[in-house]
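Chemist: My structure file upload.txt, compact mmCIF, C-alpha atoms and all ligand atoms, is below:
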# COMPACT_ATOMS: atom_id res chain seq x y z
CA MET A 1 17.37 8.28 -76.80
CA ASP A 2 14.15 6.43 -77.52
CA PHE A 3 12.70 7.49 -74.21
CA TYR A 4 13.48 11.14 -74.97
CA TRP A 5 11.78 10.84 -78.35
CA ILE A 6 8.62 9.38 -76.83
CA GLU A 7 8.53 12.22 -74.30
CA LEU A 8 8.72 14.83 -77.06
CA VAL A 9 5.92 13.20 -79.02
CA ASP A 10 3.76 13.10 -75.91
CA VAL A 11 4.06 16.83 -75.30
CA LYS A 12 3.22 17.45 -78.94
CA ILE A 13 0.11 15.29 -78.70
CA LEU A 14 -0.95 17.01 -75.49
CA LYS A 15 -0.58 20.42 -77.11
CA GLU A 16 -2.57 19.33 -80.16
CA SER A 17 -5.29 18.12 -77.86
CA ALA A 18 -5.24 21.48 -75.98
CA LYS A 19 -5.82 23.25 -79.29
CA LYS A 20 -8.74 20.96 -80.14
CA GLU A 21 -10.25 21.60 -76.72
CA VAL A 22 -10.14 25.35 -77.40
CA ASP A 23 -11.82 24.81 -80.77
CA ALA A 24 -14.51 22.72 -79.11
CA GLN A 25 -15.48 25.77 -77.01
CA LYS A 26 -15.46 28.26 -79.87
CA LYS A 27 -19.19 28.91 -79.92
CA ARG A 28 -19.35 29.63 -76.19
CA LEU A 29 -16.16 31.77 -76.12
CA VAL A 30 -17.39 33.93 -79.01
CA GLU A 31 -20.75 34.26 -77.25
CA ILE A 32 -19.03 35.45 -74.04
CA ALA A 33 -16.78 37.94 -75.88
CA LYS A 34 -19.75 39.39 -77.76
CA TRP A 35 -21.99 39.50 -74.71
CA MET A 36 -19.37 41.44 -72.77
CA TYR A 37 -18.93 43.83 -75.72
CA GLU A 38 -22.69 44.49 -75.66
CA ASN A 39 -22.79 44.78 -71.86
CA PRO A 40 -19.63 46.59 -70.73
CA GLU A 41 -19.20 47.03 -66.96
CA LEU A 42 -16.80 49.45 -65.28
CA GLY A 43 -14.03 48.36 -62.92
CA SER A 44 -15.14 46.96 -59.52
CA GLU A 45 -18.69 46.66 -60.92
CA GLU A 46 -18.15 43.73 -63.27
CA TYR A 47 -20.82 41.65 -61.55
CA LYS A 48 -22.46 40.16 -64.64
CA ALA A 49 -19.19 39.22 -66.35
CA TYR A 50 -17.97 37.81 -63.04
CA ALA A 51 -21.10 35.66 -62.70
CA MET A 52 -20.88 34.46 -66.30
CA LEU A 53 -17.19 33.53 -66.09
CA THR A 54 -17.35 31.80 -62.71
CA GLU A 55 -20.47 29.83 -63.68
CA GLU A 56 -18.86 28.67 -66.92
CA LEU A 57 -15.69 27.57 -65.10
CA GLU A 58 -17.71 25.70 -62.49
CA ARG A 59 -19.79 24.00 -65.18
CA GLN A 60 -16.51 22.78 -66.70
CA GLY A 61 -15.40 21.23 -63.42
CA ALA A 62 -13.32 23.95 -61.77
CA LYS A 63 -13.44 24.59 -58.05
CA VAL A 64 -14.17 28.31 -57.85
CA GLU A 65 -13.26 30.58 -54.96
CA ARG A 66 -15.49 33.65 -55.29
CA GLN A 67 -14.84 37.16 -53.90
CA LEU A 68 -11.15 36.39 -53.76
CA LEU A 69 -9.37 38.27 -50.95
CA GLY A 70 -12.50 40.23 -50.19
CA MET A 71 -12.82 41.77 -53.65
CA PRO A 72 -16.45 41.31 -54.78
CA THR A 73 -15.65 40.61 -58.46
CA ALA A 74 -12.34 38.72 -58.12
CA PHE A 75 -12.14 34.94 -58.31
CA CYS A 76 -9.77 32.00 -58.48
CA ALA A 77 -10.87 28.89 -60.38
CA SER A 78 -8.75 25.79 -59.91
CA PHE A 79 -8.39 22.59 -61.91
CA LYS A 80 -6.34 20.36 -59.67
CA GLY A 81 -4.61 17.09 -60.50
CA LYS A 82 -2.04 15.22 -58.42
CA LYS A 83 0.33 17.44 -56.42
CA GLY A 84 2.55 19.41 -58.77
CA PRO A 85 3.32 22.89 -60.06
CA ARG A 86 0.72 25.68 -60.01
CA VAL A 87 0.33 27.64 -63.23
CA ALA A 88 -2.08 30.50 -63.80
CA VAL A 89 -3.81 32.28 -66.65
CA LEU A 90 -5.25 35.70 -65.84
CA ALA A 91 -8.59 37.16 -66.86
CA GLU A 92 -9.56 40.84 -66.94
CA TYR A 93 -13.11 41.98 -67.63
CA ASP A 94 -13.48 45.67 -66.80
CA ALA A 95 -14.53 48.19 -69.45
CA LEU A 96 -13.88 51.92 -69.83
CA PRO A 97 -16.28 54.84 -69.42
CA GLY A 98 -17.55 56.10 -72.78
CA VAL A 99 -15.76 53.56 -74.96
CA GLY A 100 -17.01 50.25 -73.54
CA HIS A 101 -14.50 47.47 -74.14
CA GLY A 102 -12.08 49.94 -75.77
CA CYS A 103 -9.19 48.04 -74.19
CA GLY A 104 -10.53 44.66 -75.39
CA HIS A 105 -10.74 43.03 -71.97
CA ASN A 106 -13.72 41.01 -73.23
CA LEU A 107 -11.19 39.00 -75.28
CA ILE A 108 -8.85 38.64 -72.30
CA ALA A 109 -11.72 37.12 -70.30
CA ALA A 110 -12.92 34.73 -73.01
CA SER A 111 -9.41 33.54 -73.92
CA ALA A 112 -8.44 33.05 -70.27
CA ILE A 113 -11.33 30.78 -69.40
CA GLY A 114 -11.12 29.01 -72.77
CA SER A 115 -7.42 28.28 -72.36
CA GLY A 116 -7.74 27.24 -68.72
CA ILE A 117 -10.56 24.80 -69.44
CA ALA A 118 -8.83 23.39 -72.54
CA ALA A 119 -5.48 22.95 -70.78
CA ALA A 120 -7.14 21.24 -67.82
CA ARG A 121 -8.83 18.74 -70.15
CA ALA A 122 -5.70 18.07 -72.18
CA ALA A 123 -3.45 17.75 -69.13
CA LYS A 124 -5.88 15.85 -66.93
CA ASP A 125 -3.38 13.03 -66.33
CA LEU A 126 -0.46 15.30 -65.48
CA PRO A 127 0.38 16.35 -61.92
CA GLY A 128 -0.20 20.02 -61.16
CA GLU A 129 -2.84 22.69 -60.84
CA ILE A 130 -4.19 25.10 -63.45
CA LEU A 131 -5.65 28.34 -62.14
CA VAL A 132 -7.85 30.83 -63.95
CA VAL A 133 -7.60 33.99 -61.88
CA GLY A 134 -10.22 36.71 -62.28
CA THR A 135 -8.55 40.07 -61.75
CA PRO A 136 -11.03 42.99 -61.80
CA ALA A 137 -10.54 46.74 -62.28
CA GLU A 138 -7.27 46.69 -64.24
CA GLU A 139 -8.04 50.19 -65.46
CA GLY A 140 -7.91 51.35 -61.85
CA ARG A 141 -11.42 52.19 -60.77
CA GLY A 142 -13.37 51.60 -57.56
CA PRO A 143 -12.45 49.65 -54.44
CA SER A 144 -10.85 46.75 -56.36
CA ALA A 145 -8.65 49.08 -58.48
CA GLY A 146 -5.45 47.34 -59.58
CA SER A 147 -6.62 44.06 -58.06
CA LYS A 148 -3.43 42.24 -59.10
CA VAL A 149 -1.48 44.57 -56.79
CA VAL A 150 -3.85 43.78 -53.91
CA MET A 151 -3.26 40.09 -54.63
CA ALA A 152 0.51 40.69 -54.79
CA ASP A 153 0.50 42.52 -51.47
CA LYS A 154 -1.40 39.65 -49.86
CA GLY A 155 1.09 37.07 -51.17
CA PHE A 156 -1.31 35.45 -53.65
CA TRP A 157 1.30 35.13 -56.43
CA ASP A 158 4.11 33.90 -54.18
CA ASP A 159 3.28 30.21 -54.64
CA VAL A 160 2.41 30.42 -58.34
CA ASP A 161 5.07 28.87 -60.61
CA ALA A 162 4.11 30.77 -63.76
CA ALA A 163 1.47 33.32 -64.73
CA ILE A 164 0.51 34.18 -68.30
CA MET A 165 -2.11 36.21 -70.12
CA LEU A 166 -2.85 38.03 -73.33
CA HIS A 167 -3.96 41.53 -74.23
CA PRO A 168 -5.58 42.73 -77.48
CA ALA A 169 -3.50 45.09 -79.62
CA THR A 170 -2.89 45.77 -83.29
CA ARG A 171 0.09 43.41 -83.57
CA TRP A 172 1.24 40.05 -82.27
CA GLY A 173 3.96 39.79 -79.66
CA VAL A 174 5.15 38.19 -76.44
CA GLY A 175 6.86 39.68 -73.40
CA GLY A 176 5.76 43.29 -73.80
CA LYS A 177 7.36 45.63 -71.29
CA ALA A 178 5.57 48.00 -68.91
CA LEU A 179 6.58 51.02 -66.85
CA GLY A 180 6.28 51.28 -63.10
CA ILE A 181 4.11 54.22 -62.03
CA TRP A 182 3.72 56.41 -58.94
CA GLN A 183 1.11 59.09 -58.44
CA LEU A 184 1.68 62.35 -56.56
CA LYS A 185 -0.86 64.87 -55.38
CA MET A 186 0.40 68.27 -54.18
CA GLU A 187 -1.97 70.43 -52.15
CA PHE A 188 -0.84 74.02 -51.62
CA LYS A 189 -2.35 76.19 -48.92
CA GLY A 190 -2.02 79.99 -48.92
CA GLN A 191 -4.04 83.00 -47.78
CA THR A 192 -6.85 84.71 -49.67
CA SER A 193 -6.76 88.46 -50.07
CA HIS A 194 -8.12 91.15 -52.39
CA ALA A 195 -6.00 90.78 -55.52
CA ALA A 196 -5.81 94.56 -56.13
CA ALA A 197 -6.54 96.33 -52.82
CA SER A 198 -4.43 94.18 -50.44
CA PRO A 199 -2.24 91.76 -52.38
CA GLU A 200 0.50 92.09 -49.74
CA LYS A 201 -1.75 90.31 -47.24
CA GLY A 202 -2.16 87.23 -49.44
CA VAL A 203 -0.18 84.05 -50.07
CA ASN A 204 -0.80 82.83 -53.59
CA ALA A 205 -1.24 79.05 -53.63
CA LEU A 206 -1.60 79.04 -57.42
CA ASN A 207 1.84 80.62 -57.77
CA ALA A 208 3.22 77.83 -55.61
CA ALA A 209 1.48 75.20 -57.76
CA THR A 210 2.74 76.84 -60.96
CA LEU A 211 6.31 76.86 -59.68
CA ALA A 212 6.04 73.21 -58.65
CA TYR A 213 4.59 72.36 -62.05
CA MET A 214 7.45 74.11 -63.86
CA ALA A 215 10.16 72.71 -61.57
CA THR A 216 8.85 69.18 -62.05
CA HIS A 217 8.94 69.54 -65.83
CA MET A 218 12.52 70.86 -65.64
CA LEU A 219 13.60 67.55 -64.09
CA ARG A 220 13.31 65.93 -67.51
CA GLN A 221 16.48 67.55 -68.75
CA GLU A 222 18.62 65.62 -66.29
CA ALA A 223 16.71 62.36 -66.54
CA ARG A 224 18.56 59.13 -67.17
CA ARG A 225 17.94 58.32 -70.79
CA ASP A 226 17.95 54.54 -70.37
CA ALA A 227 15.29 54.55 -67.64
CA ASN A 228 12.35 55.59 -69.84
CA LEU A 229 11.23 58.32 -67.50
CA VAL A 230 7.80 59.77 -68.21
CA ILE A 231 6.30 62.62 -66.16
CA HIS A 232 2.80 63.89 -66.82
CA GLY A 233 0.85 66.30 -64.70
CA ILE A 234 -2.08 68.69 -64.43
CA ILE A 235 -3.24 71.49 -62.15
CA THR A 236 -6.66 70.44 -60.91
CA GLU A 237 -7.46 73.42 -58.68
CA GLY A 238 -6.16 76.94 -59.01
CA GLY A 239 -8.51 79.45 -57.40
CA LEU A 240 -12.14 80.50 -57.48
CA ALA A 241 -12.14 84.07 -58.84
CA SER A 242 -9.46 86.21 -60.44
CA ASN A 243 -9.94 89.06 -57.96
CA ILE A 244 -9.12 86.82 -55.00
CA ILE A 245 -5.59 85.59 -54.38
CA PRO A 246 -6.14 81.80 -54.29
CA ASP A 247 -5.54 80.07 -50.96
CA ARG A 248 -5.74 76.60 -52.44
CA ALA A 249 -4.21 74.97 -55.50
CA VAL A 250 -3.69 71.32 -56.34
CA CYS A 251 -1.41 69.51 -58.82
CA GLU A 252 -1.44 65.87 -59.76
CA PHE A 253 1.45 64.04 -61.38
CA GLY A 254 2.15 60.59 -62.73
CA VAL A 255 5.81 59.54 -62.72
CA ARG A 256 6.80 56.45 -64.67
CA SER A 257 10.00 54.53 -65.36
CA SER A 258 11.16 51.07 -66.32
CA ASP A 259 13.65 51.13 -63.42
CA GLU A 260 11.96 50.60 -60.05
CA LYS A 261 14.78 52.09 -57.94
CA TYR A 262 15.29 55.10 -60.19
CA LEU A 263 11.57 55.71 -60.07
CA VAL A 264 11.73 56.14 -56.28
CA THR A 265 14.62 58.61 -56.71
CA MET A 266 12.62 60.65 -59.20
CA VAL A 267 9.47 60.62 -57.08
CA ASP A 268 11.57 62.10 -54.24
CA LYS A 269 12.83 64.80 -56.60
CA VAL A 270 9.30 65.70 -57.66
CA GLU A 271 8.37 65.97 -53.99
CA LYS A 272 11.31 68.37 -53.50
CA CYS A 273 9.95 70.53 -56.34
CA ALA A 274 6.74 70.93 -54.34
CA GLU A 275 8.61 71.76 -51.14
CA GLY A 276 10.84 74.26 -52.96
CA ALA A 277 7.82 75.98 -54.52
CA ALA A 278 6.19 76.25 -51.10
CA ILE A 279 9.32 77.85 -49.60
CA ALA A 280 9.60 80.30 -52.50
CA THR A 281 6.02 81.50 -52.14
CA GLY A 282 5.43 81.17 -48.42
CA ALA A 283 2.65 78.66 -49.00
CA GLN A 284 2.31 75.35 -47.21
CA VAL A 285 2.29 72.08 -49.06
CA THR A 286 1.14 68.54 -48.38
CA VAL A 287 2.34 65.87 -50.80
CA LYS A 288 0.51 62.58 -51.01
CA LYS A 289 2.39 59.95 -52.98
CA ALA A 290 1.49 56.39 -53.75
CA LYS A 291 2.95 53.63 -55.81
CA LEU A 292 0.38 52.44 -58.34
CA TYR A 293 1.90 49.71 -60.50
CA SER A 294 5.34 48.06 -60.73
CA SER A 295 7.29 47.75 -63.94
CA MET A 296 7.22 44.45 -65.82
CA LYS A 297 10.01 42.05 -64.91
CA PRO A 298 10.66 39.94 -68.01
CA ASN A 299 11.08 36.18 -67.74
CA ILE A 300 12.92 34.95 -70.82
CA PRO A 301 12.37 31.17 -70.35
CA LEU A 302 8.59 31.75 -70.25
CA ILE A 303 8.69 34.25 -73.11
CA LYS A 304 10.42 31.71 -75.38
CA VAL A 305 7.79 29.01 -74.78
CA LEU A 306 4.78 31.28 -75.21
CA TRP A 307 6.34 32.93 -78.27
CA GLN A 308 6.88 29.54 -79.94
CA ASN A 309 3.26 28.56 -79.33
CA TYR A 310 2.13 31.65 -81.21
CA ALA A 311 4.69 31.23 -84.00
CA ASP A 312 3.72 27.57 -84.49
CA GLN A 313 0.20 28.70 -85.39
CA GLY A 314 1.55 30.71 -88.31
CA VAL A 315 0.84 34.22 -87.02
CA ASP A 316 3.31 37.01 -87.70
CA VAL A 317 4.52 37.44 -84.14
CA ASP A 318 7.11 40.16 -83.38
CA ASP A 319 10.61 38.86 -82.65
CA TRP A 320 10.72 38.59 -78.84
CA GLN A 321 14.28 39.90 -78.65
CA GLU A 322 13.21 43.05 -80.48
CA THR A 323 10.29 43.42 -78.10
CA GLN A 324 12.70 43.19 -75.17
CA ALA A 325 14.95 45.83 -76.73
CA GLY A 326 11.97 48.13 -77.32
CA ILE A 327 10.61 50.98 -75.23
CA PRO A 328 7.88 50.19 -72.69
CA MET A 329 4.80 52.29 -73.39
CA ALA A 330 2.23 52.04 -70.59
CA SER A 331 1.72 50.55 -67.15
CA THR A 332 -0.32 47.60 -65.90
CA ASP A 333 -1.03 45.84 -62.61
CA PHE A 334 0.34 42.69 -64.29
CA GLY A 335 3.75 44.29 -63.57
CA ASP A 336 3.22 43.53 -59.88
CA VAL A 337 2.51 39.89 -60.70
CA SER A 338 5.83 39.70 -62.60
CA GLN A 339 7.68 41.06 -59.55
CA ARG A 340 6.28 38.21 -57.42
CA CYS A 341 6.44 35.15 -59.68
CA PRO A 342 7.66 34.21 -63.16
CA ALA A 343 5.19 35.84 -65.54
CA THR A 344 4.81 36.94 -69.11
CA GLY A 345 2.13 38.59 -71.17
CA SER A 346 1.42 38.52 -74.89
CA TYR A 347 -0.55 40.64 -77.29
CA ILE A 348 -2.81 39.61 -80.13
CA GLY A 349 -3.46 41.58 -83.33
CA ILE A 350 -7.19 42.23 -83.56
CA GLY A 351 -7.32 45.14 -86.02
CA PRO A 352 -5.52 47.64 -88.27
CA ASP A 353 -2.25 49.22 -87.08
CA ASP A 354 -3.71 52.72 -86.81
CA THR A 355 -6.48 51.75 -84.36
CA PRO A 356 -6.00 53.80 -81.17
CA GLY A 357 -5.97 52.03 -77.79
CA HIS A 358 -8.85 52.90 -75.43
CA SER A 359 -11.16 53.71 -78.33
CA ARG A 360 -14.57 52.74 -79.65
CA GLN A 361 -12.77 51.47 -82.77
CA LEU A 362 -10.70 48.98 -80.76
CA ALA A 363 -13.84 47.79 -78.97
CA ASP A 364 -15.46 47.20 -82.38
CA CYS A 365 -12.37 45.26 -83.57
CA SER A 366 -12.86 42.83 -80.67
CA VAL A 367 -16.05 41.42 -82.23
CA THR A 368 -15.06 41.30 -85.90
CA LYS A 369 -14.26 37.97 -87.55
CA GLU A 370 -10.57 38.90 -87.40
CA GLY A 371 -10.74 39.92 -83.74
CA LEU A 372 -12.53 36.77 -82.63
CA GLU A 373 -10.18 34.60 -84.68
CA ALA A 374 -7.22 36.32 -82.97
CA MET A 375 -8.83 35.56 -79.62
CA MET A 376 -9.05 31.86 -80.57
CA ILE A 377 -5.38 31.77 -81.64
CA GLY A 378 -4.41 33.52 -78.42
CA ALA A 379 -6.46 31.10 -76.32
CA LYS A 380 -4.73 28.18 -78.07
CA ALA A 381 -1.27 29.65 -77.46
CA LEU A 382 -2.11 30.10 -73.77
CA ALA A 383 -3.60 26.59 -73.48
CA MET A 384 -0.60 24.96 -75.19
CA THR A 385 1.75 26.88 -72.93
CA LEU A 386 -0.07 25.85 -69.74
CA VAL A 387 0.06 22.22 -70.84
CA GLU A 388 3.72 22.50 -71.76
CA PHE A 389 4.53 23.92 -68.31
CA LEU A 390 2.97 20.89 -66.60
CA ALA A 391 4.44 18.39 -69.07
CA LYS A 392 7.97 19.82 -68.87
CA PRO A 393 8.57 21.01 -65.30
CA GLU A 394 12.16 21.89 -66.27
CA ILE A 395 10.76 25.01 -67.98
CA LEU A 396 9.35 26.16 -64.66
CA LYS A 397 12.66 25.38 -62.96
CA ASP A 398 14.50 27.56 -65.51
CA ALA A 399 11.87 30.29 -65.09
CA LYS A 400 12.32 30.26 -61.31
CA GLU A 401 16.11 30.43 -61.63
CA TYR A 402 15.82 33.31 -64.07
CA PHE A 403 13.35 35.07 -61.77
CA ASN A 404 15.66 34.72 -58.75
CA SER A 405 18.77 35.90 -60.58
CA HIS A 406 17.35 39.01 -62.28
ZN ZN A 501 -6.49 49.81 -70.89
ZN ZN A 502 -6.17 46.74 -71.02
Would it be possible to restate this file's structure as structure tokens?

Modeler:
Amino acid sequence: MDFYWIELVDVKILKESAKKEVDAQKKRLVEIAKWMYENPELGSEEYKAYAMLTEELERQGAKVERQLLGMPTAFCASFKGKKGPRVAVLAEYDALPGVGHGCGHNLIAASAIGSGIAAARAAKDLPGEILVVGTPAEEGRGPSAGSKVVMADKGFWDDVDAAIMLHPATRWGVGGKALGIWQLKMEFKGQTSHAAASPEKGVNALNAATLAYMATHMLRQEARRDANLVIHGIITEGGLASNIIPDRAVCEFGVRSSDEKYLVTMVDKVEKCAEGAAIATGAQVTVKKAKLYSSMKPNIPLIKVLWQNYADQGVDVDDWQETQAGIPMASTDFGDVSQRCPATGSYIGIGPDDTPGHSRQLADCSVTKEGLEAMMIGAKALAMTLVEFLAKPEILKDAKEYFNSH
């Protein structure tokens, strides 16, 4: 009994020390978050943020692998103790066109390096390895688009015991869900002809695209209601002049669902809509389809630990069971990480509830007193959680079991 008590106290002390180590870096973390806000870089071009983050990690004693897996702005920084579990915190640092850090990735970057460095200092006597992984182009732009998927495909996450991160939002929560997403591009080929003088000689590719567009939307009626199906599409090309029957038309669709298998079924159905429209009009169609991001696979043992480390700091964090019961809204390449190793995300409240995502307003929230304070609380929650993982390996064992059985 005594031994157990001592062990508990030790973890508590370690976590307190992780928090202090985050506080000790406050000036630098705020500087980094503000600098990135002032100097936003688009996905796959985050060279300055990449240099700043890797240099800071190296200065703090991490061994940094640059250009991870051939991606020019990806990195993996490692703080390694005696042989033990490998736990990771993920950084994102890409901005958006027109709205700068309108997704708040400047706070993800600052909190990731702050928590990694703090946890490494606090847990320096524990066996194990703490990784800070730099994952560029989350918003899907350029050659490193969806870099976490590239890493997943190359097996990078397969020997990671737990991966965590945070994302700015307008509320506090842990274990947010995400939809898997596929993209489809339908290219219809017909025959041009004079639209009035010789319409019978034409094959109208726009009619084919319109039929495919309508048929795809009609799929909604029969959609499984528990699978959170979302279909959104546009017609990107539909002819050059109204007196010519168009010989080329193009549609693009995004198909999303929380159920990976059902998503494949629905993508096949959308493809059939294109084929049917081609048959009906006599046009030819080529469908290009690609999986973008996987849905988020929740890991309850990790969620509970991270949630507690937010709650213990007195923030009003959403009940994690309610979050799990809620509807997933968007998609992220972090979903692919969660399909490969135990992983959970969290969100931090940086501004008023009515602030839209991907907006100039959200970017501005990231550098207010409230936003920067939220970043510090988030960094502490992540740091405490990393330390707790190394101090109590049974959590990682539970997480692995949960991962394998769900
Ligand atoms: Zn975003
Ligand atoms: Zn984002």

Chemist: For ligand ZN 502 (chain A), return the neighbouring residues as a PyMOL selection string (distance at most 8 Å; all atoms listed in the file).

Modeler: chain A and resi 92+103-105+138-139+167-168+332

Chemist: Name the residues in contact with Lys80 (chain A) at a cut-off of 7 Å, using all atoms listed in the file, excluding same-chain residues fewer than 2 positions from it; report them as a list in words.

Modeler: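 Once the nearby chain positions are removed, what remains is Ser78, Lys82, Gly128, Glu129 and Ile130 of chain A.
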
Chemist: May I have the centre and edge lengths, in Å to one decimal, of an axis-aligned box around the listed atoms of region 282-299 of chain A with 8 Å added to every side, as lines of an AutoDock Vina configuration file?

Modeler:
center_x = 5.7
center_y = 58.7
center_z = -57.6
size_x = 26.7
size_y = 61.0
size_z = 36.8

Chemist: Which residues of chain A come within 12 Å of ligand ZN 501 (chain A), and what is each one's closest atom pair and distance in Å (one decimal), counting only C-alpha atoms and all ligand atoms, sorted by chain and residue number, as a tab-separated table?

Modeler:
residue	atom	partner	partner_atom	distance
A:Leu42	CA	A:ZN501	ZN	11.7
A:Gly43	CA	A:ZN501	ZN	11.1
A:Glu92	CA	A:ZN501	ZN	10.3
A:Tyr93	CA	A:ZN501	ZN	10.8
A:Asp94	CA	A:ZN501	ZN	9.1
A:Ala95	CA	A:ZN501	ZN	8.3
A:Leu96	CA	A:ZN501	ZN	7.8
A:Pro97	CA	A:ZN501	ZN	11.1
A:Val99	CA	A:ZN501	ZN	10.8
A:Gly100	CA	A:ZN501	ZN	10.9
A:His101	CA	A:ZN501	ZN	9.0
A:Gly102	CA	A:ZN501	ZN	7.4
A:Cys103	CA	A:ZN501	ZN	4.6
A:Gly104	CA	A:ZN501	ZN	7.9
A:His105	CA	A:ZN501	ZN	8.1
A:Asn106	CA	A:ZN501	ZN	11.6
A:Ile108	CA	A:ZN501	ZN	11.5
A:Ala137	CA	A:ZN501	ZN	10.0
A:Glu138	CA	A:ZN501	ZN	7.4
A:Glu139	CA	A:ZN501	ZN	5.7
A:Gly140	CA	A:ZN501	ZN	9.3
A:Arg141	CA	A:ZN501	ZN	11.5
A:Gly146	CA	A:ZN501	ZN	11.6
A:His167	CA	A:ZN501	ZN	9.3
A:Pro168	CA	A:ZN501	ZN	9.7
A:Ala169	CA	A:ZN501	ZN	10.4
A:Met329	CA	A:ZN501	ZN	11.8
A:Ala330	CA	A:ZN501	ZN	9.0
A:Ser331	CA	A:ZN501	ZN	9.1
A:Thr332	CA	A:ZN501	ZN	8.2
A:Asp333	CA	A:ZN501	ZN	10.7
A:Phe334	CA	A:ZN501	ZN	11.9
A:Pro356	CA	A:ZN501	ZN	11.0
A:Gly357	CA	A:ZN501	ZN	7.3
A:His358	CA	A:ZN501	ZN	6.0
A:Ser359	CA	A:ZN501	ZN	9.6
A:Leu362	CA	A:ZN501	ZN	10.8
A:Ala363	CA	A:ZN501	ZN	11.1

Chemist: Considering only C-alpha atoms, can you say which of A:Met384, A:Ile32, A:Met218, A:Ala290 comes closest to Glu56 (chain A)?

Modeler: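 For Glu56 (chain A), the nearest of the given residues is A:Ile32.
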
Chemist: Which residue out of A:Leu53, A:Ala311, A:Val30, A:Ala88 has the minimum interatomic distance to Ile164 (chain A) when only C-alpha atoms are used?

Modeler: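 Using only C-alpha atoms, the shortest distance to Ile164 (chain A) belongs to A:Ala88.
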
Chemist: Please measure the separation of CA of Leu382 (chain A) and CA of Lys304 (chain A), giving the value in Å to one decimal.

Modeler: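 A separation of 12.7 Å between them.
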
Chemist: Out of A:Ile279, A:Thr355, A:Tyr293, A:Ala77, which residue has the shortest atom-to-atom distance to Glu65 (chain A) when counting all atoms listed in the file?

Modeler: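 Of A:Ile279, A:Thr355, A:Tyr293, A:Ala77, the one nearest Glu65 (chain A), counting all atoms listed in the file, is A:Ala77.
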
Chemist: Just to confirm, what's the straight-line distance from CA of Ser258 (chain A) to CA of Leu179 (chain A) in Å (one decimal)?

Modeler: 4.6 Å

Chemist: Which of these residues is nearest to Ala374 (chain A), using all atoms listed in the file: A:Thr170, A:Thr216, A:Thr210, A:Gln339?

Modeler: A:Thr170

Chemist: For region 153-158 of chain A, please output as a list in words all residues within 8 Å (counting only C-alpha atoms; exclusion window: fewer than 2 positions along the same chain).

Modeler: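 What passes the distance filter is Val149, Val150, Met151, Val160, Val337, Arg340 and Cys341 of chain A.
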
Chemist: Report as a PyMOL selection string all protein, DNA and RNA residues lying within 12 Å of region 315-323 of chain A, evaluated on only C-alpha atoms, omitting residues in the same chain fewer than 4 positions from it.

Modeler: chain A and resi 169-178+298-311+327-329+344-350+373-374+377-378+381

Chemist: Would you mind exporting C-alpha atoms of the selected residues as a short mmCIF file (atom, residue, chain, number, x, y, z; two decimals), in the frame of the given file?

Modeler:
data_model
loop_
_atom_site.label_atom_id
_atom_site.label_comp_id
_atom_site.auth_asym_id
_atom_site.auth_seq_id
_atom_site.Cartn_x
_atom_site.Cartn_y
_atom_site.Cartn_z
CA ALA A 169 -3.50 45.09 -79.62
CA THR A 170 -2.89 45.77 -83.29
CA ARG A 171 0.09 43.41 -83.57
CA TRP A 172 1.24 40.05 -82.27
CA GLY A 173 3.96 39.79 -79.66
CA VAL A 174 5.15 38.19 -76.44
CA GLY A 175 6.86 39.68 -73.40
CA GLY A 176 5.76 43.29 -73.80
CA LYS A 177 7.36 45.63 -71.29
CA ALA A 178 5.57 48.00 -68.91
CA PRO A 298 10.66 39.94 -68.01
CA ASN A 299 11.08 36.18 -67.74
CA ILE A 300 12.92 34.95 -70.82
CA PRO A 301 12.37 31.17 -70.35
CA LEU A 302 8.59 31.75 -70.25
CA ILE A 303 8.69 34.25 -73.11
CA LYS A 304 10.42 31.71 -75.38
CA VAL A 305 7.79 29.01 -74.78
CA LEU A 306 4.78 31.28 -75.21
CA TRP A 307 6.34 32.93 -78.27
CA GLN A 308 6.88 29.54 -79.94
CA ASN A 309 3.26 28.56 -79.33
CA TYR A 310 2.13 31.65 -81.21
CA ALA A 311 4.69 31.23 -84.00
CA ILE A 327 10.61 50.98 -75.23
CA PRO A 328 7.88 50.19 -72.69
CA MET A 329 4.80 52.29 -73.39
CA THR A 344 4.81 36.94 -69.11
CA GLY A 345 2.13 38.59 -71.17
CA SER A 346 1.42 38.52 -74.89
CA TYR A 347 -0.55 40.64 -77.29
CA ILE A 348 -2.81 39.61 -80.13
CA GLY A 349 -3.46 41.58 -83.33
CA ILE A 350 -7.19 42.23 -83.56
CA GLU A 373 -10.18 34.60 -84.68
CA ALA A 374 -7.22 36.32 -82.97
CA ILE A 377 -5.38 31.77 -81.64
CA GLY A 378 -4.41 33.52 -78.42
CA ALA A 381 -1.27 29.65 -77.46
#

Chemist: Would you list the contacts of Glu260 (chain A) as a ChimeraX atom specification, taking every protein, DNA or RNA residue within 12 Å and counting only C-alpha atoms, but skipping same-chain residues closer than 2 positions in sequence?

Modeler: /A:178-182,227-229,255-258,262-267,291-297,335-336,339
